[in-house]
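Data block below; observations after.
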There are 4 protein chains.
Amino acid sequence: MSSFNQENCVSCGHHCTSCQAAFADDKVKDECGVFGIYAPGVDVAQICYFALYALQHRGQESTGIATFDGDDFYVEKDSGLVSEIFDIENLHRLKGDIALAHCRYGGRNKKISNDNIINALPMSFNYYHGEIALSYNGALVNKDALWQQLTENGAVFQTESDCEIIASLLAKHSKEALVDSFAKTMGELKGAYALVAMMKDKLIGVRDPHGIRPLTIGKLGEHYLLSSESCAFDAVGAETIRDVRPGEIVVIDKDGLHTYQIFDEQPNFCIFEHVYIARPDSVFDGQSVSEVRRRMGQILAEEAKIDADIVIPVPDSGTACALGYAEGSGLPFRMGLLKNRYIGRTFIQPTQEMRERSVHIKLNPIRATLEGQRVIMVDDSVVRGTTSKQIVEMVRNAGAKEVHLVLSCPPVKFGCPYGIDTASGQLIAVTHTVEQISEYIGADSVHFLSQEGMLRATGLKPEDFCVACFDGNYIVDPEGK
Amino acid sequence: MSSFNQENCVSCGHHCTSCQAAFADDKVKDECGVFGIYAPGVDVAQICYFALYALQHRGQESTGIATFDGDDFYVEKDSGLVSEIFDIENLHRLKGDIALAHCRYGGRNKKISNDNIINALPMSFNYYHGEIALSYNGALVNKDALWQQLTENGAVFQTESDCEIIASLLAKHSKEALVDSFAKTMGELKGAYALVAMMKDKLIGVRDPHGIRPLTIGKLGEHYLLSSESCAFDAVGAETIRDVRPGEIVVIDKDGLHTYQIFDEQPNFCIFEHVYIARPDSVFDGQSVSEVRRRMGQILAEEAKIDADIVIPVPDSGTACALGYAEGSGLPFRMGLLKNRYIGRTFIQPTQEMRERSVHIKLNPIRATLEGQRVIMVDDSVVRGTTSKQIVEMVRNAGAKEVHLVLSCPPVKFGCPYGIDTASGQLIAVTHTVEQISEYIGADSVHFLSQEGMLRATGLKPEDFCVACFDGNYIVDPEGK
Amino acid sequence: MSSFNQENCVSCGHHCTSCQAAFADDKVKDECGVFGIYAPGVDVAQICYFALYALQHRGQESTGIATFDGDDFYVEKDSGLVSEIFDIENLHRLKGDIALAHCRYGGRNKKISNDNIINALPMSFNYYHGEIALSYNGALVNKDALWQQLTENGAVFQTESDCEIIASLLAKHSKEALVDSFAKTMGELKGAYALVAMMKDKLIGVRDPHGIRPLTIGKLGEHYLLSSESCAFDAVGAETIRDVRPGEIVVIDKDGLHTYQIFDEQPNFCIFEHVYIARPDSVFDGQSVSEVRRRMGQILAEEAKIDADIVIPVPDSGTACALGYAEGSGLPFRMGLLKNRYIGRTFIQPTQEMRERSVHIKLNPIRATLEGQRVIMVDDSVVRGTTSKQIVEMVRNAGAKEVHLVLSCPPVKFGCPYGIDTASGQLIAVTHTVEQISEYIGADSVHFLSQEGMLRATGLKPEDFCVACFDGNYIVDPEGK
Amino acid sequence: MSSFNQENCVSCGHHCTSCQAAFADDKVKDECGVFGIYAPGVDVAQICYFALYALQHRGQESTGIATFDGDDFYVEKDSGLVSEIFDIENLHRLKGDIALAHCRYGGRNKKISNDNIINALPMSFNYYHGEIALSYNGALVNKDALWQQLTENGAVFQTESDCEIIASLLAKHSKEALVDSFAKTMGELKGAYALVAMMKDKLIGVRDPHGIRPLTIGKLGEHYLLSSESCAFDAVGAETIRDVRPGEIVVIDKDGLHTYQIFDEQPNFCIFEHVYIARPDSVFDGQSVSEVRRRMGQILAEEAKIDADIVIPVPDSGTACALGYAEGSGLPFRMGLLKNRYIGRTFIQPTQEMRERSVHIKLNPIRATLEGQRVIMVDDSVVRGTTSKQIVEMVRNAGAKEVHLVLSCPPVKFGCPYGIDTASGQLIAVTHTVEQISEYIGADSVHFLSQEGMLRATGLKPEDFCVACFDGNYIVDPEGK
């Protein structure tokens with residue numbers, strides 16, 4: 001008799017079970033969601049708690065909240081989901097009216113055994129100006145050089161987090177006025193970042209000069225908030241004001257919001273936020289992610305005309321685009337695949353013989369919908385292609401006569417050094433043509449949205465986006481030079 | 001400063017947090033999913049584990065697996081979700097090639113402090129014929145009378161479960177041949193039930209004379225399985241054979257499947273399985289639940305013609321019907337509400353002032369989709385109306401010009417004594433007309449599918465269903481007389 | 001490099017770690033502690049909680065408390081120690097002014113995977129007279145015959161506990177008046193038992209006709225309590241009144257304590273309670289266990305005169321006796337072995353090469369005390385001899401010139417069918433003479449207290465004790481005939 | 001009806017339960033145990049695990065192990081006891097043949113919510129020379145000045161631990177050769193410390209110039225170990241070699257042990273290690289703690305002659321001294337108080353009315369031993385006096401005619417700035433004479449061992465000890481000047 005298979009999960013790092021992200025392993029991944037609020041007189045811990053639920057899709061490995069109550073500093077963070085980590089007891093310990101929150105995905109390559117706890121954010125530091133806490137999303141391309149420079153001058157690091165580098169630079173410039181020390185620190189950082197810093201009486205938001213990673217400003221009554229995505233504002237009943245501008249520092253204190261435009265470079269927002277990462281109900285630069293995705297589907301329907309019977313999404317990421325495709329093509333939209341909502345972080349991998357079945361646990365085709373149909377299946381992107389291959393086979397086994405795979409972006413051919421994990425060594429599009437991908441996946445045809453079409457769907461200027469993962473034109477030198 | 005609100009959850013019974021079901025409190029609820037397998041030579045624990053993921057929507061309070069390995073009997077069950085209870089360690093303890101599995105929702109009124117553990121299934125019993133374990137979905141209407149009769153004859157009960165009554169009856173008839181003892185027991189039971197019993201070398205499936213609760217037969221290679229729904233067969237790679245017939249006993253042993261038709265009454269399958277309870281990818285009597293729901297939407301579009309711009313579902317239960325409505329009406333289908341997938345069982349209730357916001361955590365409207373639109377919103381049913389009211393208001397606040405609520409069944413006016421929890425004392429349709437419901441909910445109009453339309457959508461004979469919750473015509477006397 | 005050793009613990013049954021009892025595996029073991037209180041108007045859950053701490057030495061595998069609050073019945077029980085299972089939350093759930101408590105050791109041979117939870121006490125039953133809960137210590141020698149008789153009459157059992165047999169007999173006699181039903185049940189039971197039953201408005205204490213297992217009556221203000229040992233009364237500030245008499249039923253209700261002497265046989269109290277099982281601060285029949293043990297040491301000093309330098313106990317069970325021996329012999333008493341107080345239930349077994357060291361973790365010799373000394377080491381009894389062998393070697397390695405082992409009882413040669421686990425198949429005294437035991441253990445000499453001396457130390461009549469484990473004269477036929 | 005009392009525990013910081021240390025709140029406390037091993041080719045994690053059991057009495061709030069395996073660094077640490085934190089899974093993750101271990105008590109005044117996790121040791125740092133981990137016991141009196149100096153030069157701190165100050169100083173001197181950087185760091189530190197540092201290929205032990213805190217060298221085969229106390233060497237089968245000398249640095253690498261005597265000042269070992277803190281089976285400077293305590297008792301018997309009947313210890317700390325007193329006085333030694341071994345870290349405080357009883361749960365007097373006796377009760381020291389008062393009353397209530405309290409050290413009158421928590425603001429001896437203490441406690445008399453007698457009992461030179469807590473002569477300026 002066989003027994004269960006124990007694999008190191010690519011995401012949670014444990015050796016015996018695989019986490020929620022396991023099925024999503026064949027997906028591009030963002031690495032963090034950040035949130036901050038300063039609301040004098042308001043108990044902000046629960047606001048952070050609700051905001052984290054809305055940002056959870058940006059990172060499921062660890063999460064944390066840090067607060068100040070005037071006198072003391074509190075932090076609760078751990079490995080796990082918001083729903084696993086926070087309870088009434090620890091939320092009550094988080095006293096104060098100023099707070100940071102964070103959720104994190106730590107990447108695929110981990111060296112230390114308790115990475116998710118050691119590197120969990122927010123991180124707090126005590127330096128020349130007192131206590132400071134940081135919540136951060138991004139990646140520094142010159143991290144090694146900064147590490148070298150700082151340790152030569154006596155710096156000590158306890159984690160692998162970019163936050164410690166940033167804290168050490170802030171400390172290096174700490175004899176300057178506060179905003180200046182942040183500006184000088186930005187001058188030394190190369191890469192993509194959205195940073196929220198909390199001090200005793202202020203919240204500071206910083207976005208990298210190109211605005212690669214998102215950071216948005218919200219308002220709850222007269223109080224300001226910062227978040228990676230606007231959906232967190234909806235979750236706490238706040239209003240979305242505007243995005244923090246590329247190269248901008250915003251300071252939120254008792255007098256309101258102050259802005260300092262430090263850099264004035266070409267904006268290059270990460271297009272993958274629109275393609276896959278962001279929640280459909282978020283808005284960037286006035287553009288609804290959901291609507292952008294629907295327009296991607298409409299443009300795909302023009303670009304890739306397929307003679308078929310029905311359009312189905314791969315839930316949930318392909319849904320908005322599939323609706324757009326159905327509209328554009330005039331074909332009926334159907335839910336041909338059912339996604340199981342109960343797969344938790346500790347889903348046990350089946351034995352080899354149960355492998356194929358396990359796909360049906362997470363995603364099950366509806367035979368009555370698919371049988372005898374020529375199916376257009378819409379997904380966001382293809383990374384390694386392994387999951388697409390399984391799903392195509394599953395749909396075919398459920399009776400589909402044809403399966404055409406349609407994607408809402410071009411082939412991903414280049415790794416991302418700006419905080420997105422694209423499993424770069426395994427990108428199928430690096431080594432396979434579209435026809436070869438189609439053959440590998442077992443589809444009747446595969447169609448990628450054109451880069452031009454993808455950018456057009458955003459409703460914004462094409463040059464305002466970073467599309468390096470598609471064309472290799474890196475905004476900032478990936479080697480940090 | 002405010003603090004968190006602690007309420008007794010209607011579902012999990014804990015005093016400080018509310019479970020996943022809290023938001024679904026305004027929903028009709030089923031009370032169990034059952035599963036059984038006999039596969040000589042196969043390690044069946046993991047098959048049960050995967051099947052339970054597929055049946056989890058039928059009960060989220062406790063779950064369990066019981067196995068036999070020829071010599072010994074093993075059981076692992078606890079309060080919680082499949083993903084919370086089972087790990088490699090306890091699955092390995094479940095040795096054997098014959099097994100039962102179960103997931104359970106225990107109803108709203110609980111007297112004892114650890115109901116979810118004490119009453120968790122499968123339950124195992126030792127009686128005259130040796131070890132027997134039971135997995136059960138249903139409700140006995142003559143439970144009190146049977147309790148009275150049995151205790152007068154010296155029976156002892158340890159739980160509030162119907163299973164113990166059934167075990168005691170089997171023991172009472174234990175001098176008979178095994179199938180006869182089951183048949184005599186059926187003769188004493190009144191109500192709705194789907195029962196799977198496991199003995200050392202056989203699995204026994206029993207469905208009540210009217211077939212009110214579902215029970216389906218599957219096949220994995222040459223091995224037979226039993227399940228509340230066919231989606232569990234898909235999850236384990238098994239084939240769906242047929243439903244157990246109303247009043248039928250099936251015995252699965254080393255020689256295969258044996259059938260005994262004990263009663264031959266009018267079938268009355270629970271229509272609510274099609275309306276809401278079952279998973280869309282399940283099939284009953286050859287009818288796909290997903291397709292039945294889509295037809296309900298099409299018939300609704302005929303019955304309730306509304307001058308509007310878009311059709312949106314209340315996810316996830318309204319999705320299939322909304323698609324049908326969109327098709328029938330020719331209006332565009334849109335995903336105007338986003339459901340948060342990370343709300344766990346321990347979601348902490350917000351303070352009063354955060355109440356309205358908390359709706360947005362679980363469900364968030366997409367303004368870009370809804371703004372300026374006349375919206376038709378499709379849901380399955382209205383129970384108390386409180387949730388519908390919140391969602392209508394949310395959609396309106398997101399800019400919808402009009403909100404029309406459309407339901408895929410008639411008004412629920414009568415409590416269900418057959419294993420469905422309809423929160424009967426609080427049914428809005430008992431005290432309100434359709435107009436009054438519309439006013440209470442704040443919709444521009446409310447439309448219920450007709451009983452005739454609902455039954456027509458099933459593609460089966462209308463008299464083959466129990467529709468007592470709509471018309472009060474109880475198949476079996478609810479008082480057990 | 002080596003790795004950790006995973007063994008099935010004889011006590012906790014888990015496969016990967018060994019519990020607190022592992023080191024005590026070479027010890028005779030009792031199987032339960034019982035407690036009950038009826039105190040109208042008093043919140044009794046916390047009294048039970050404190051009492052359980054005092055009774056914990058009688059069973060460390062599972063523990064539970066059950067209460068009634070007039071309307072409802074509450075029970076909280078689980079596998080683990082009192083300190084692991086109870087917290088403010090579940091104690092608060094245990095409402096009411098009448099309660100039972102229990103701690104349990106389940107024996108070495110377990111068939112089912114979750115024995116500690118399934119068989120945990122108190123158990124509650126619903127029968128003809130309503131709700132009844134049972135807390136029980138003992139063993140029925142005619143269990144199989146009763147099981148046979150009861151199942152033939154339609155009884156159903158869910159556990160392996162004697163409690164269910166007793167409940168079923170009470171149900172069988174339930175048409176009788178309550179005390180009569182207990183008396184008739186006693187008439188059918190053979191073996192040793194101390195039983196506390198709780199009904200809505202009364203507590204019932206029952207001790208077997210020979211009084212083999214202990215049961216004591218206490219008083220807290222005007223309220224009565226029952227306990228296996230009087231140390232639990234000290235822990236809750238109650239007064240010790242008297243032992244329940246062999247063959248007596250006591251009923252505690254709002255009118256106080258009522259007594260019914262059902263049997264009048266020769267008392268035969270288990271001598272091993274005095275030798276090892278009971279806590280030194282408990283009192284049985286007016287005799288302090290601590291003082292009985294000290295007298296055992298004094299008598300040993302007369303019986304076994306040894307030319308040596310110091311007397312040391314094997315802590316903690318040998319301490320009182322060693323003090324007596326030192327007094328009797330005039331030799332100095334020393335603490336030559338230090339017991340580690342932090343070994344928890346999940347102590348991980350060392351690898352083979354670390355085995356010898358692991359003895360030093362739990363017990364460490366003090367070289368400065370032992371070096372160059374001729375040591376008399378006092379312990380309670382020898383079961384398998386393996387632990388004694390290790391300790392003698394350890395003491396010798398710490399520099400002792402001679403090591404003489406002195407025991408406070410005769411050689412254990414017979415298994416106990418009355419609720420004490422003596423690991424009967426492995427008793428070294430069955431196959432070895434005293435000289436051979438000494439040789440096996442590696443001691444310079446081994447001395448056992450005589451049966452006469454042991455009984456004299458009790459200060460009571462010798463015929464009032466059961467000494468079957470030493471002489472094989474079983475009070476009640478071990479086969480239940 | 002009353003309910004449970006929820007207090008912030010002085011030790012574990014939780015708000016609802018009090019930890020194991022709660023009853024010991026009226027005790028002086030040490031703040032850490034350290035351990036290190038370098039054993040090429042040996043899997044050292046389990047050795048650390050066993051060593052931690054032996055050091056657990058030095059700190060029960062958090063514990064951790066850090067290892068190197070040549071390539072990577074691993075750390076597992078958490079709030080809780082060794083038995084709660086380590087299991088086979090996380091011990092297996094701790095790969096490597098060089099390791100540090102630590103157990104910690106964090107003091108009574110905590111500012112941050114998760115102090116026990118944030119400040120848990122070992123701490124690891126990455127600096128100019130690569131990875132370094134630190135395990136530390138002690139207190140720096142010039143911490144604030146060092147903090148000021150270091151942050152002015154751009155240092156950043158994440159915890160409140162002295163370890164970070166030390167790491168920052170090592171980084172400041174990192175351009176020096178390794179031993180020189182440690183020597184220069186020692187030159188800037190003022191206070192008491194025992195430090196074990198681990199780098200990729202070496203272990204470094206450092207003891208403060210006066211040797212206030214203990215650090216001992218052991219040998220396991222050819223491998224060297226470092227530990228706060230020698231009892232950890234016994235636990236792992238290692239030999240005790242010698243104490244690290246005050247002001248000495250030892251470096252353990254593949255070539256063995258190298259010594260560097262950096263400072264050559266008057267040794268001043270903490271006398272309280274002998275009085276209370278250390279385990280009786282440990283040895284400092286060749287003197288057995290157990291024997292030192294016994295001699296303290298003998299000297300006490302000379303100094304404080306009392307006309308009484310029996311001598312009893314307050315277990316466990318008073319046992320060795322009580323034995324010495326009994327020997328010196330010729331009075332019989334008895335175990336008159338029984339200590340409950342099952343009180344865990346989460347013992348729930350009783351309600352006010354149960355307060356007195358709760359003393360009996362943790363410690364119960366044996367009436368048969370005490371009744372009618374004039375009792376000499378031996379304890380180590382009196383801090384606040386509250387616990388002594390309770391115990392005296394308890395002994396008197398158990399029938400003692402007289403109760404004389406005898407202590408193995410002089411009155412504690414001064415706070416300790418060197419890593420011992422004496423609850424300095426509440427020392428009864430600061431405000432009360434011996435007579436007043438006796439009156440407060442309710443004893444017939446109270447007797448303290450003289451400072452001269454205490455030092456004589458050590459068998460070493462009196463000037464080689466720090467006795468500042470008794471006479472206020474601080475070795476190192478407590479203000480750090």
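Within each chain, counting starts at residue 1; across the structure tokens, chains are named A, B, ... in the order shown, with ligands numbered 1 upward in that order.
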Self-check item: Residues within 8 Å of Val250 of chain D, only C-alpha atoms, excluding chain neighbours under 2 positions, as a list in words
Solution: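 Contacts, in chain order: Ile204, Gly205, Val206, Val244, Glu248, Ile252, Leu257, His258, Thr259 and Tyr260 of chain D.
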With all heavy atoms retained, export the selected residues as a CSV table (one decimal), in the first residue's frame.
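Everything below was put into selection_16.csv:
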chain,number,residue,atom,x,y,z
D,204,ILE,N,33.5,30.8,20.7
D,204,ILE,CA,34.3,31.7,21.6
D,204,ILE,C,33.6,31.9,22.9
D,204,ILE,O,32.4,32.3,22.9
D,204,ILE,CB,34.5,33.0,20.8
D,204,ILE,CG1,35.3,32.8,19.5
D,204,ILE,CG2,35.3,34.0,21.7
D,204,ILE,CD1,35.1,33.8,18.5
D,205,GLY,N,34.3,31.6,24.0
D,205,GLY,CA,33.7,31.9,25.3
D,205,GLY,C,34.4,33.1,26.0
D,205,GLY,O,35.6,33.2,26.0
D,206,VAL,N,33.6,33.9,26.6
D,206,VAL,CA,34.1,35.1,27.2
D,206,VAL,C,33.4,35.3,28.6
D,206,VAL,O,32.2,35.2,28.7
D,206,VAL,CB,33.8,36.4,26.4
D,206,VAL,CG1,34.4,37.6,27.0
D,206,VAL,CG2,34.3,36.2,25.0
D,244,VAL,N,35.7,28.8,33.0
D,244,VAL,CA,36.4,29.9,32.2
D,244,VAL,C,36.8,30.9,33.3
D,244,VAL,O,36.1,31.2,34.2
D,244,VAL,CB,35.5,30.5,31.2
D,244,VAL,CG1,36.1,31.7,30.6
D,244,VAL,CG2,35.1,29.5,30.1
D,248,GLU,N,38.9,36.0,30.9
D,248,GLU,CA,39.5,35.1,29.9
D,248,GLU,C,38.6,35.0,28.7
D,248,GLU,O,37.4,35.1,28.7
D,248,GLU,CB,39.6,33.7,30.5
D,248,GLU,CG,40.4,32.7,29.6
D,248,GLU,CD,40.4,31.3,30.2
D,248,GLU,OE1,39.6,31.0,31.1
D,248,GLU,OE2,41.2,30.5,29.7
D,252,ILE,N,37.5,27.9,20.8
D,252,ILE,CA,37.5,26.5,20.5
D,252,ILE,C,37.3,26.3,19.0
D,252,ILE,O,36.3,26.7,18.4
D,252,ILE,CB,36.3,25.8,21.2
D,252,ILE,CG1,36.5,25.9,22.7
D,252,ILE,CG2,36.1,24.4,20.8
D,252,ILE,CD1,35.2,25.7,23.6
D,257,LEU,N,41.3,23.9,22.2
D,257,LEU,CA,41.0,25.1,23.0
D,257,LEU,C,42.2,26.0,23.1
D,257,LEU,O,43.3,25.6,23.5
D,257,LEU,CB,40.4,24.6,24.3
D,257,LEU,CG,39.9,25.7,25.3
D,257,LEU,CD1,38.7,25.2,26.0
D,257,LEU,CD2,41.0,26.1,26.3
D,258,HIS,N,42.0,27.3,22.8
D,258,HIS,CA,43.0,28.3,23.0
D,258,HIS,C,42.6,29.3,24.0
D,258,HIS,O,41.4,29.7,24.0
D,258,HIS,CB,43.2,29.0,21.6
D,258,HIS,CG,43.3,28.1,20.5
D,258,HIS,ND1,44.5,27.5,20.1
D,258,HIS,CD2,42.4,27.6,19.7
D,258,HIS,CE1,44.3,26.7,19.1
D,258,HIS,NE2,43.0,26.7,18.8
D,259,THR,N,43.5,29.8,24.8
D,259,THR,CA,43.1,30.7,25.9
D,259,THR,C,43.8,32.0,25.8
D,259,THR,O,45.0,32.1,25.4
D,259,THR,CB,43.3,30.0,27.3
D,259,THR,OG1,43.0,31.0,28.3
D,259,THR,CG2,44.7,29.5,27.5
D,260,TYR,N,43.1,33.1,26.1
D,260,TYR,CA,43.6,34.4,26.1
D,260,TYR,C,43.2,35.1,27.3
D,260,TYR,O,42.0,35.4,27.5
D,260,TYR,CB,43.1,35.2,24.8
D,260,TYR,CG,43.4,34.5,23.5
D,260,TYR,CD1,42.5,33.5,23.1
D,260,TYR,CD2,44.5,34.7,22.8
D,260,TYR,CE1,42.7,32.8,21.9
D,260,TYR,CE2,44.8,34.0,21.6
D,260,TYR,CZ,43.9,33.1,21.2
D,260,TYR,OH,44.1,32.4,20.0
Practice problem: Please return as a list in words: the residues of segment 76-130 of chain B that backbone DSSP assigns to helix (DSSP H, G or I). | Solution: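 Filtering segment 76-130 of chain B down to helix (DSSP H, G or I) leaves Val82, Ser83, Glu84, Ile85, Ile88, Glu89, Asn90, Leu91, His92, Arg93, Asp115, Asn116, Ile117 and Ile118 of chain B.
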Exercise. Hey, list the chain A side of the contact with chain B: 6 Å cut-off, only C-alpha atoms, answer as a VMD selection string.
Key: chain A and resid 1 42 to 43 83 235 to 237 281 344 357 360 to 361 366
Quiz item: Can you tell me how far atom CA of Phe414 of chain D sits from atom CA of Val383 of chain D, in Å to one decimal?
Solution: 10.6 Å
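Of the residues listed (A:Glu393, A:Glu452, A:Glu164, A:Asp477), A:Glu452 shows the shortest atom-to-atom separation from Ile299 of chain A; distances use only C-alpha atoms.
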Exercise. Write out as a ChimeraX atom specification which residues come within 6 Å of Gly211 of chain A when counting only C-alpha atoms, dropping same-chain ones fewer than 3 positions away.
Key: /A:207-208,246,267-269
Please provide the set of residues having any atom within 6 Å of Arg384 of chain D, restricted to only C-alpha atoms, with same-chain residues fewer than 5 positions apart removed, written as an mmCIF file with C-alpha atoms, in the first residue's frame.
data_model
loop_
_atom_site.group_PDB
_atom_site.id
_atom_site.type_symbol
_atom_site.label_atom_id
_atom_site.label_comp_id
_atom_site.auth_asym_id
_atom_site.auth_seq_id
_atom_site.Cartn_x
_atom_site.Cartn_y
_atom_site.Cartn_z
ATOM 1 C CA ASP D 26 8.946 35.822 45.792
ATOM 2 C CA GLN D 426 10.062 45.281 47.368
ATOM 3 C CA LEU D 427 12.818 43.764 49.491
ATOM 4 C CA ILE D 428 11.387 43.290 52.953
#
Quiz item: Using only C-alpha atoms, which residues sit within 12 Å of Ser450 of chain D once same-chain residues fewer than 6 positions away are excluded, as a PyMOL selection string?
Solution: chain D and resi 296-297+299-304+406-412+456-457+467+470-471
Practice problem: Please indicate the distance in Å from atom CA of Pro122 of chain C to atom CA of Phe465 of chain C, rounded to one decimal place. | Solution: 28.3 Å
